[in-house]
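Enquirer: Following this line is my_file18.tsv, made up of TSV, N, CA and C atoms:
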chain	number	residue	atom	x	y	z
A	877	MET	N	-5.69	-13.29	-26.46
A	877	MET	CA	-5.25	-13.75	-27.76
A	877	MET	C	-4.25	-14.88	-27.56
A	878	THR	N	-4.31	-15.85	-28.44
A	878	THR	CA	-3.40	-16.97	-28.31
A	878	THR	C	-2.21	-16.81	-29.23
A	879	GLY	N	-1.18	-17.52	-28.95
A	879	GLY	CA	0.05	-17.47	-29.73
A	879	GLY	C	1.15	-18.03	-28.88
A	880	PRO	N	2.40	-17.77	-29.24
A	880	PRO	CA	3.48	-18.30	-28.43
A	880	PRO	C	3.44	-17.74	-27.00
A	881	PHE	N	2.97	-16.52	-26.85
A	881	PHE	CA	2.77	-15.90	-25.54
A	881	PHE	C	1.42	-15.20	-25.56
A	882	ARG	N	0.65	-15.41	-24.53
A	882	ARG	CA	-0.67	-14.77	-24.44
A	882	ARG	C	-0.49	-13.27	-24.24
A	883	ILE	N	-1.23	-12.46	-24.99
A	883	ILE	CA	-1.20	-11.01	-24.88
A	883	ILE	C	-2.64	-10.54	-24.72
A	884	THR	N	-2.89	-9.73	-23.71
A	884	THR	CA	-4.22	-9.14	-23.58
A	884	THR	C	-4.09	-7.63	-23.70
A	885	VAL	N	-5.15	-7.03	-24.19
A	885	VAL	CA	-5.18	-5.59	-24.42
A	885	VAL	C	-6.32	-5.01	-23.61
A	886	GLU	N	-6.03	-3.93	-22.89
A	886	GLU	CA	-7.07	-3.25	-22.10
A	886	GLU	C	-6.99	-1.76	-22.38
A	887	PRO	N	-8.16	-1.12	-22.45
A	887	PRO	CA	-8.13	0.33	-22.68
A	887	PRO	C	-7.73	1.07	-21.41
A	888	ILE	N	-7.05	2.20	-21.60
A	888	ILE	CA	-6.76	3.15	-20.52
A	888	ILE	C	-7.15	4.52	-21.05
A	889	PRO	N	-7.24	5.53	-20.21
A	889	PRO	CA	-7.71	6.83	-20.68
A	889	PRO	C	-6.91	7.43	-21.84
A	890	THR	N	-5.64	7.10	-21.95
A	890	THR	CA	-4.82	7.69	-23.01
A	890	THR	C	-4.43	6.72	-24.12
A	891	GLY	N	-4.96	5.50	-24.10
A	891	GLY	CA	-4.62	4.51	-25.13
A	891	GLY	C	-4.96	3.11	-24.69
A	892	VAL	N	-3.97	2.22	-24.70
A	892	VAL	CA	-4.18	0.83	-24.29
A	892	VAL	C	-2.96	0.35	-23.51
A	893	THR	N	-3.17	-0.72	-22.75
A	893	THR	CA	-2.05	-1.44	-22.14
A	893	THR	C	-2.00	-2.82	-22.76
A	894	LEU	N	-0.80	-3.33	-22.93
A	894	LEU	CA	-0.60	-4.69	-23.39
A	894	LEU	C	-0.08	-5.48	-22.19
A	895	ASP	N	-0.80	-6.51	-21.80
A	895	ASP	CA	-0.35	-7.38	-20.72
A	895	ASP	C	0.42	-8.52	-21.34
A	896	VAL	N	1.72	-8.55	-21.08
A	896	VAL	CA	2.59	-9.59	-21.65
A	896	VAL	C	3.19	-10.43	-20.52
A	897	GLY	N	2.36	-10.75	-19.54
A	897	GLY	CA	2.80	-11.50	-18.36
A	897	GLY	C	3.48	-12.81	-18.70
A	898	ALA	N	2.96	-13.56	-19.65
A	898	ALA	CA	3.57	-14.85	-20.01
A	898	ALA	C	4.97	-14.64	-20.58
A	899	PHE	N	5.17	-13.59	-21.34
A	899	PHE	CA	6.49	-13.29	-21.88
A	899	PHE	C	7.44	-12.88	-20.76
A	900	VAL	N	6.97	-12.06	-19.83
A	900	VAL	CA	7.80	-11.64	-18.71
A	900	VAL	C	8.20	-12.85	-17.87
A	901	GLU	N	7.27	-13.77	-17.66
A	901	GLU	CA	7.59	-15.00	-16.92
A	901	GLU	C	8.71	-15.76	-17.63
A	902	HIS	N	8.65	-15.84	-18.95
A	902	HIS	CA	9.68	-16.51	-19.74
A	902	HIS	C	11.04	-15.82	-19.55
A	903	VAL	N	11.05	-14.50	-19.57
A	903	VAL	CA	12.28	-13.74	-19.40
A	903	VAL	C	12.85	-13.95	-17.99
A	904	VAL	N	11.99	-13.87	-16.97
A	904	VAL	CA	12.46	-14.08	-15.60
A	904	VAL	C	13.03	-15.49	-15.44
A	905	HIS	N	12.38	-16.46	-16.06
A	905	HIS	CA	12.90	-17.84	-16.04
A	905	HIS	C	14.32	-17.87	-16.59
A	906	ASP	N	14.54	-17.21	-17.73
A	906	ASP	CA	15.88	-17.19	-18.33
A	906	ASP	C	16.90	-16.52	-17.41
A	907	VAL	N	16.50	-15.45	-16.74
A	907	VAL	CA	17.40	-14.75	-15.83
A	907	VAL	C	17.76	-15.64	-14.64
A	908	VAL	N	16.76	-16.27	-14.04
A	908	VAL	CA	17.02	-17.15	-12.90
A	908	VAL	C	17.91	-18.32	-13.33
A	909	ALA	N	17.64	-18.87	-14.50
A	909	ALA	CA	18.47	-19.96	-15.00
A	909	ALA	C	19.92	-19.50	-15.18
A	910	ALA	N	20.11	-18.29	-15.68
A	910	ALA	CA	21.47	-17.76	-15.84
A	910	ALA	C	22.15	-17.60	-14.48
A	911	LEU	N	21.41	-17.12	-13.50
A	911	LEU	CA	21.99	-16.95	-12.16
A	911	LEU	C	22.35	-18.29	-11.53
A	912	LEU	N	21.55	-19.31	-11.80
A	912	LEU	CA	21.79	-20.63	-11.21
A	912	LEU	C	22.85	-21.43	-11.96
A	913	ASN	N	22.93	-21.26	-13.27
A	913	ASN	CA	23.77	-22.13	-14.09
A	913	ASN	C	25.06	-21.50	-14.59
A	914	ASP	N	25.22	-20.22	-14.44
A	914	ASP	CA	26.41	-19.55	-14.93
A	914	ASP	C	27.11	-18.90	-13.74
A	915	ASP	N	28.26	-19.44	-13.36
A	915	ASP	CA	28.96	-18.95	-12.16
A	915	ASP	C	29.30	-17.47	-12.24
A	916	THR	N	29.55	-16.96	-13.44
A	916	THR	CA	29.87	-15.55	-13.59
A	916	THR	C	28.73	-14.68	-13.07
A	917	TYR	N	27.52	-14.97	-13.51
A	917	TYR	CA	26.36	-14.18	-13.06
A	917	TYR	C	26.07	-14.43	-11.58
A	918	ALA	N	26.22	-15.68	-11.14
A	918	ALA	CA	25.97	-15.99	-9.73
A	918	ALA	C	26.95	-15.25	-8.83
A	919	ASP	N	28.22	-15.21	-9.22
A	919	ASP	CA	29.23	-14.50	-8.43
A	919	ASP	C	28.94	-13.00	-8.39
A	920	ARG	N	28.57	-12.45	-9.53
A	920	ARG	CA	28.26	-11.02	-9.58
A	920	ARG	C	27.04	-10.70	-8.74
A	921	PHE	N	26.06	-11.59	-8.74
A	921	PHE	CA	24.86	-11.37	-7.92
A	921	PHE	C	25.23	-11.44	-6.44
A	922	ALA	N	26.08	-12.38	-6.06
A	922	ALA	CA	26.52	-12.50	-4.67
A	922	ALA	C	27.28	-11.24	-4.24
A	923	GLU	N	28.14	-10.73	-5.11
A	923	GLU	CA	28.87	-9.49	-4.81
A	923	GLU	C	27.90	-8.32	-4.63
A	924	LEU	N	26.88	-8.30	-5.46
A	924	LEU	CA	25.86	-7.24	-5.36
A	924	LEU	C	25.15	-7.33	-4.02
A	925	GLN	N	24.82	-8.53	-3.60
A	925	GLN	CA	24.16	-8.71	-2.29
A	925	GLN	C	25.08	-8.25	-1.16
A	926	ASP	N	26.35	-8.59	-1.24
A	926	ASP	CA	27.30	-8.18	-0.21
A	926	ASP	C	27.46	-6.67	-0.15
A	927	SER	N	27.38	-6.01	-1.30
A	927	SER	CA	27.59	-4.56	-1.34
A	927	SER	C	26.39	-3.78	-0.80
A	928	GLN	N	25.27	-4.44	-0.61
A	928	GLN	CA	24.07	-3.74	-0.11
A	928	GLN	C	24.26	-3.23	1.31
A	929	ALA	N	25.21	-3.78	2.06
A	929	ALA	CA	25.44	-3.35	3.44
A	929	ALA	C	26.17	-2.02	3.50
A	930	ARG	N	26.69	-1.55	2.40
A	930	ARG	CA	27.44	-0.29	2.39
A	930	ARG	C	26.51	0.89	2.55
A	931	ASP	N	27.10	2.06	2.72
A	931	ASP	CA	26.37	3.32	2.88
A	931	ASP	C	25.55	3.58	1.62
A	932	PRO	N	24.21	3.66	1.74
A	932	PRO	CA	23.37	3.86	0.55
A	932	PRO	C	23.53	5.25	-0.08
A	933	HIS	N	24.17	6.18	0.65
A	933	HIS	CA	24.34	7.55	0.13
A	933	HIS	C	25.70	7.76	-0.50
A	934	MET	N	26.53	6.71	-0.49
A	934	MET	CA	27.86	6.82	-1.07
A	934	MET	C	27.74	6.96	-2.59
A	935	ILE	N	28.46	7.91	-3.14
A	935	ILE	CA	28.46	8.13	-4.59
A	935	ILE	C	29.41	7.10	-5.22
A	936	GLU	N	28.89	6.38	-6.20
A	936	GLU	CA	29.68	5.34	-6.85
A	936	GLU	C	30.16	5.81	-8.21
A	937	ARG	N	31.34	5.36	-8.58
A	937	ARG	CA	31.86	5.65	-9.91
A	937	ARG	C	31.17	4.72	-10.91
A	938	ALA	N	31.26	5.08	-12.16
A	938	ALA	CA	30.59	4.28	-13.21
A	938	ALA	C	30.97	2.81	-13.13
A	939	GLY	N	32.22	2.49	-12.86
A	939	GLY	CA	32.67	1.11	-12.77
A	939	GLY	C	32.13	0.39	-11.55
A	940	ASP	N	31.60	1.15	-10.59
A	940	ASP	CA	31.07	0.57	-9.36
A	940	ASP	C	29.56	0.31	-9.43
A	941	LEU	N	28.94	0.60	-10.53
A	941	LEU	CA	27.50	0.45	-10.66
A	941	LEU	C	27.16	-1.01	-10.94
A	942	ARG	N	27.36	-1.84	-9.92
A	942	ARG	CA	27.21	-3.28	-10.08
A	942	ARG	C	25.79	-3.68	-10.45
A	943	PHE	N	24.81	-3.08	-9.80
A	943	PHE	CA	23.41	-3.42	-10.08
A	943	PHE	C	23.08	-3.13	-11.54
A	944	GLU	N	23.40	-1.91	-11.97
A	944	GLU	CA	23.07	-1.49	-13.33
A	944	GLU	C	23.78	-2.34	-14.39
A	945	THR	N	25.04	-2.66	-14.15
A	945	THR	CA	25.75	-3.47	-15.14
A	945	THR	C	25.26	-4.91	-15.15
A	946	LEU	N	24.91	-5.46	-13.98
A	946	LEU	CA	24.36	-6.81	-13.95
A	946	LEU	C	23.02	-6.84	-14.68
A	947	VAL	N	22.17	-5.86	-14.44
A	947	VAL	CA	20.88	-5.79	-15.14
A	947	VAL	C	21.12	-5.72	-16.64
A	948	ALA	N	22.00	-4.85	-17.07
A	948	ALA	CA	22.27	-4.71	-18.51
A	948	ALA	C	22.78	-6.01	-19.12
A	949	ASP	N	23.67	-6.68	-18.40
A	949	ASP	CA	24.21	-7.93	-18.92
A	949	ASP	C	23.15	-9.04	-18.97
A	950	LEU	N	22.28	-9.09	-17.96
A	950	LEU	CA	21.21	-10.11	-17.98
A	950	LEU	C	20.20	-9.80	-19.08
A	951	VAL	N	19.90	-8.53	-19.30
A	951	VAL	CA	18.99	-8.17	-20.40
A	951	VAL	C	19.60	-8.60	-21.73
A	952	ALA	N	20.91	-8.49	-21.84
A	952	ALA	CA	21.59	-8.84	-23.09
A	952	ALA	C	21.50	-10.33	-23.40
A	953	ILE	N	21.31	-11.18	-22.37
A	953	ILE	CA	21.27	-12.62	-22.65
A	953	ILE	C	19.86	-13.18	-22.80
A	954	VAL	N	18.84	-12.39	-22.51
A	954	VAL	CA	17.47	-12.88	-22.67
A	954	VAL	C	16.86	-12.27	-23.92
A	955	SER	N	15.79	-12.88	-24.39
A	955	SER	CA	15.11	-12.37	-25.56
A	955	SER	C	14.33	-11.11	-25.19
A	956	THR	N	14.48	-10.08	-25.98
A	956	THR	CA	13.72	-8.85	-25.75
A	956	THR	C	12.64	-8.65	-26.81
A	957	LYS	N	12.50	-9.63	-27.69
A	957	LYS	CA	11.49	-9.53	-28.74
A	957	LYS	C	10.35	-10.47	-28.42
A	958	LEU	N	9.15	-9.96	-28.53
A	958	LEU	CA	7.94	-10.72	-28.26
A	958	LEU	C	7.35	-11.18	-29.58
A	959	PRO	N	7.44	-12.47	-29.89
A	959	PRO	CA	6.90	-12.94	-31.16
A	959	PRO	C	5.38	-12.91	-31.18
A	960	VAL	N	4.84	-12.39	-32.25
A	960	VAL	CA	3.38	-12.37	-32.47
A	960	VAL	C	3.17	-12.89	-33.88
A	961	TYR	N	2.50	-14.04	-34.00
A	961	TYR	CA	2.39	-14.74	-35.27
A	961	TYR	C	1.01	-14.57	-35.91
A	962	GLY	N	1.01	-14.62	-37.23
A	962	GLY	CA	-0.18	-14.74	-38.06
A	962	GLY	C	-1.46	-14.12	-37.53
A	963	LEU	N	-2.42	-14.98	-37.23
A	963	LEU	CA	-3.72	-14.50	-36.78
A	963	LEU	C	-3.63	-13.73	-35.48
A	964	GLN	N	-2.68	-14.11	-34.60
A	964	GLN	CA	-2.52	-13.37	-33.35
A	964	GLN	C	-2.09	-11.93	-33.66
A	965	ALA	N	-1.20	-11.74	-34.64
A	965	ALA	CA	-0.75	-10.40	-35.00
A	965	ALA	C	-1.92	-9.56	-35.51
A	966	LEU	N	-2.74	-10.15	-36.35
A	966	LEU	CA	-3.89	-9.41	-36.88
A	966	LEU	C	-4.92	-9.11	-35.80
A	967	ALA	N	-5.18	-10.09	-34.93
A	967	ALA	CA	-6.13	-9.88	-33.85
A	967	ALA	C	-5.63	-8.82	-32.88
A	968	LEU	N	-4.35	-8.85	-32.57
A	968	LEU	CA	-3.77	-7.86	-31.67
A	968	LEU	C	-3.86	-6.47	-32.28
A	969	ALA	N	-3.48	-6.35	-33.54
A	969	ALA	CA	-3.55	-5.05	-34.22
A	969	ALA	C	-4.98	-4.52	-34.24
A	970	GLY	N	-5.92	-5.39	-34.55
A	970	GLY	CA	-7.32	-4.97	-34.59
A	970	GLY	C	-7.83	-4.56	-33.22
A	971	HIS	N	-7.45	-5.30	-32.20
A	971	HIS	CA	-7.90	-4.99	-30.84
A	971	HIS	C	-7.29	-3.67	-30.35
A	972	VAL	N	-6.01	-3.46	-30.62
A	972	VAL	CA	-5.37	-2.20	-30.25
A	972	VAL	C	-6.05	-1.04	-30.97
A	973	GLU	N	-6.29	-1.20	-32.27
A	973	GLU	CA	-6.94	-0.12	-33.03
A	973	GLU	C	-8.35	0.14	-32.50
A	974	GLN	N	-9.09	-0.91	-32.23
A	974	GLN	CA	-10.46	-0.77	-31.74
A	974	GLN	C	-10.50	-0.01	-30.42
A	975	LEU	N	-9.58	-0.32	-29.52
A	975	LEU	CA	-9.58	0.32	-28.21
A	975	LEU	C	-8.93	1.70	-28.22
A	976	ALA	N	-7.91	1.89	-29.06
A	976	ALA	CA	-7.17	3.15	-29.05
A	976	ALA	C	-7.81	4.24	-29.90
A	977	ALA	N	-8.50	3.88	-30.96
A	977	ALA	CA	-9.04	4.88	-31.89
A	977	ALA	C	-9.94	5.91	-31.20
A	978	PRO	N	-10.90	5.51	-30.36
A	978	PRO	CA	-11.74	6.52	-29.72
A	978	PRO	C	-10.95	7.42	-28.77
A	979	VAL	N	-9.97	6.86	-28.10
A	979	VAL	CA	-9.16	7.65	-27.17
A	979	VAL	C	-8.33	8.68	-27.93
A	980	VAL	N	-7.70	8.24	-29.01
A	980	VAL	CA	-6.88	9.15	-29.81
A	980	VAL	C	-7.75	10.25	-30.41
A	981	ALA	N	-8.94	9.89	-30.89
A	981	ALA	CA	-9.85	10.89	-31.46
A	981	ALA	C	-10.24	11.92	-30.40
A	982	ALA	N	-10.53	11.46	-29.19
A	982	ALA	CA	-10.90	12.38	-28.11
A	982	ALA	C	-9.74	13.28	-27.74
A	983	LEU	N	-8.53	12.74	-27.68
A	983	LEU	CA	-7.36	13.56	-27.36
A	983	LEU	C	-7.10	14.60	-28.44
A	984	GLN	N	-7.24	14.18	-29.71
A	984	GLN	CA	-7.04	15.12	-30.81
A	984	GLN	C	-8.09	16.22	-30.77
A	985	ALA	N	-9.35	15.85	-30.46
A	985	ALA	CA	-10.42	16.85	-30.37
A	985	ALA	C	-10.13	17.81	-29.23
A	986	ALA	N	-9.66	17.31	-28.11
A	986	ALA	CA	-9.35	18.16	-26.97
A	986	ALA	C	-8.20	19.12	-27.30
A	987	GLU	N	-7.19	18.63	-28.01
A	987	GLU	CA	-6.07	19.49	-28.40
A	987	GLU	C	-6.52	20.53	-29.41
A	988	GLY	N	-7.38	20.12	-30.32
A	988	GLY	CA	-7.90	21.06	-31.32
A	988	GLY	C	-8.76	22.13	-30.67
A	989	GLY	N	-9.56	21.75	-29.67
A	989	GLY	CA	-10.41	22.71	-28.96
A	989	GLY	C	-9.60	23.66	-28.12
A	990	ALA	N	-8.49	23.19	-27.58
A	990	ALA	CA	-7.64	24.05	-26.75
A	990	ALA	C	-6.90	25.06	-27.59
A	991	ALA	N	-6.59	24.69	-28.86
A	991	ALA	CA	-5.85	25.60	-29.74
A	991	ALA	C	-6.74	26.68	-30.31
A	992	ALA	N	-8.04	26.45	-30.30
A	992	ALA	CA	-8.96	27.42	-30.93
A	992	ALA	C	-9.22	28.61	-30.06
Show how you would write the structure in this file as structure tokens.
Expert:
Amino acid sequence: MTGPFRITVEPIPTGVTLDVGAFVEHVVHDVVAALLNDDTYADRFAELQDSQARDPHMIERAGDLRFETLVADLVAIVSTKLPVYGLQALALAGHVEQLAAPVVAALQAAEGGAAA
């Protein structure tokens, strides 16, 4: 499907998967740009790299969770919403429904048969 970011839908046994690779590439680009252009993030990343030499079994306090806090802060500066416009939204909805409906019906039938 076309739009600001290409989205593909594939069936899986329990529903569908949405491939949002183009959107993920955009997000990674923003993260790398932040690491390269913002000294705060670059310094924190360098500190994180330096801390990797420490004992991996050492218990860290909440304030010492450098990886987790850097991830959270980088997520906060990138877009987490995937825009889907007009015809792309309708096509995506239709494709998800087309692929998911038989799977959901089969799961419901299996649950109903197990309860009987």
Enquirer: Considering all atoms listed in the file, can you say which of A:Thr884, A:Thr916, A:Ser927, A:Thr890 comes closest to Val980 (chain A)?
Expert: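 Closest to Val980 (chain A) of all the choices is A:Thr890.
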Enquirer: For Tyr961 (chain A), which residue out of A:Pro880, A:Gly988, A:Pro978, A:Gly897 is the nearest one, using only C-alpha atoms?
Expert: A:Pro880
Enquirer: So how far away is atom N of Glu973 (chain A) from atom C of Phe899 (chain A), in Å?
Expert: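 Rounded to one decimal, the two atoms are 21.4 Å apart.
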Enquirer: Given only C-alpha atoms as the basis, pick out the residue of A:Leu983, A:Gly891, A:Leu912, A:Tyr917 nearest to Ala948 (chain A).
Expert: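 Smallest separation from Ala948 (chain A) among the options: A:Tyr917.
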Enquirer: Find the residue from A:His933, A:Leu950, A:Ile888, A:Ala922 that sits nearest to Val907 (chain A); use all atoms listed in the file when measuring.
Expert: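 Using all atoms listed in the file, the shortest distance to Val907 (chain A) belongs to A:Leu950.
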Enquirer: CA of Asp919 (chain A) and CA of Arg942 (chain A) are how many Å apart?
Expert: 11.5 Å
Enquirer: I need the residues of chain A that end up classed as strand (DSSP E) by DSSP on the backbone, written out as a ChimeraX atom specification.
Expert: /A:884-888,891-895
Enquirer: With distances taken over all atoms listed in the file, which residue among A:Ala969, A:Val954, A:Val900, A:Leu946 lies nearest Arg920 (chain A)?
Expert: A:Leu946
Enquirer: For atom C of Ala981 (chain A) and CA of Val896 (chain A), quote the distance in Å rounded to one decimal.
Expert: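 Atom C of Ala981 (chain A) sits 26.5 Å away from CA of Val896 (chain A).
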Enquirer: Looking at only C-alpha atoms, which of A:Ala967, A:Glu987, A:Val972, A:Leu911 is the one that sits closest to Val885 (chain A)?
Expert: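 Ranking A:Ala967, A:Glu987, A:Val972, A:Leu911 by distance to Val885 (chain A), first place goes to A:Val972.
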Enquirer: If you run DSSP on the backbone, which residues of chain A are helix (DSSP H, G or I), as a PyMOL selection string?
Expert: chain A and resi 897-913+915-927+938-940+942-953+962-991
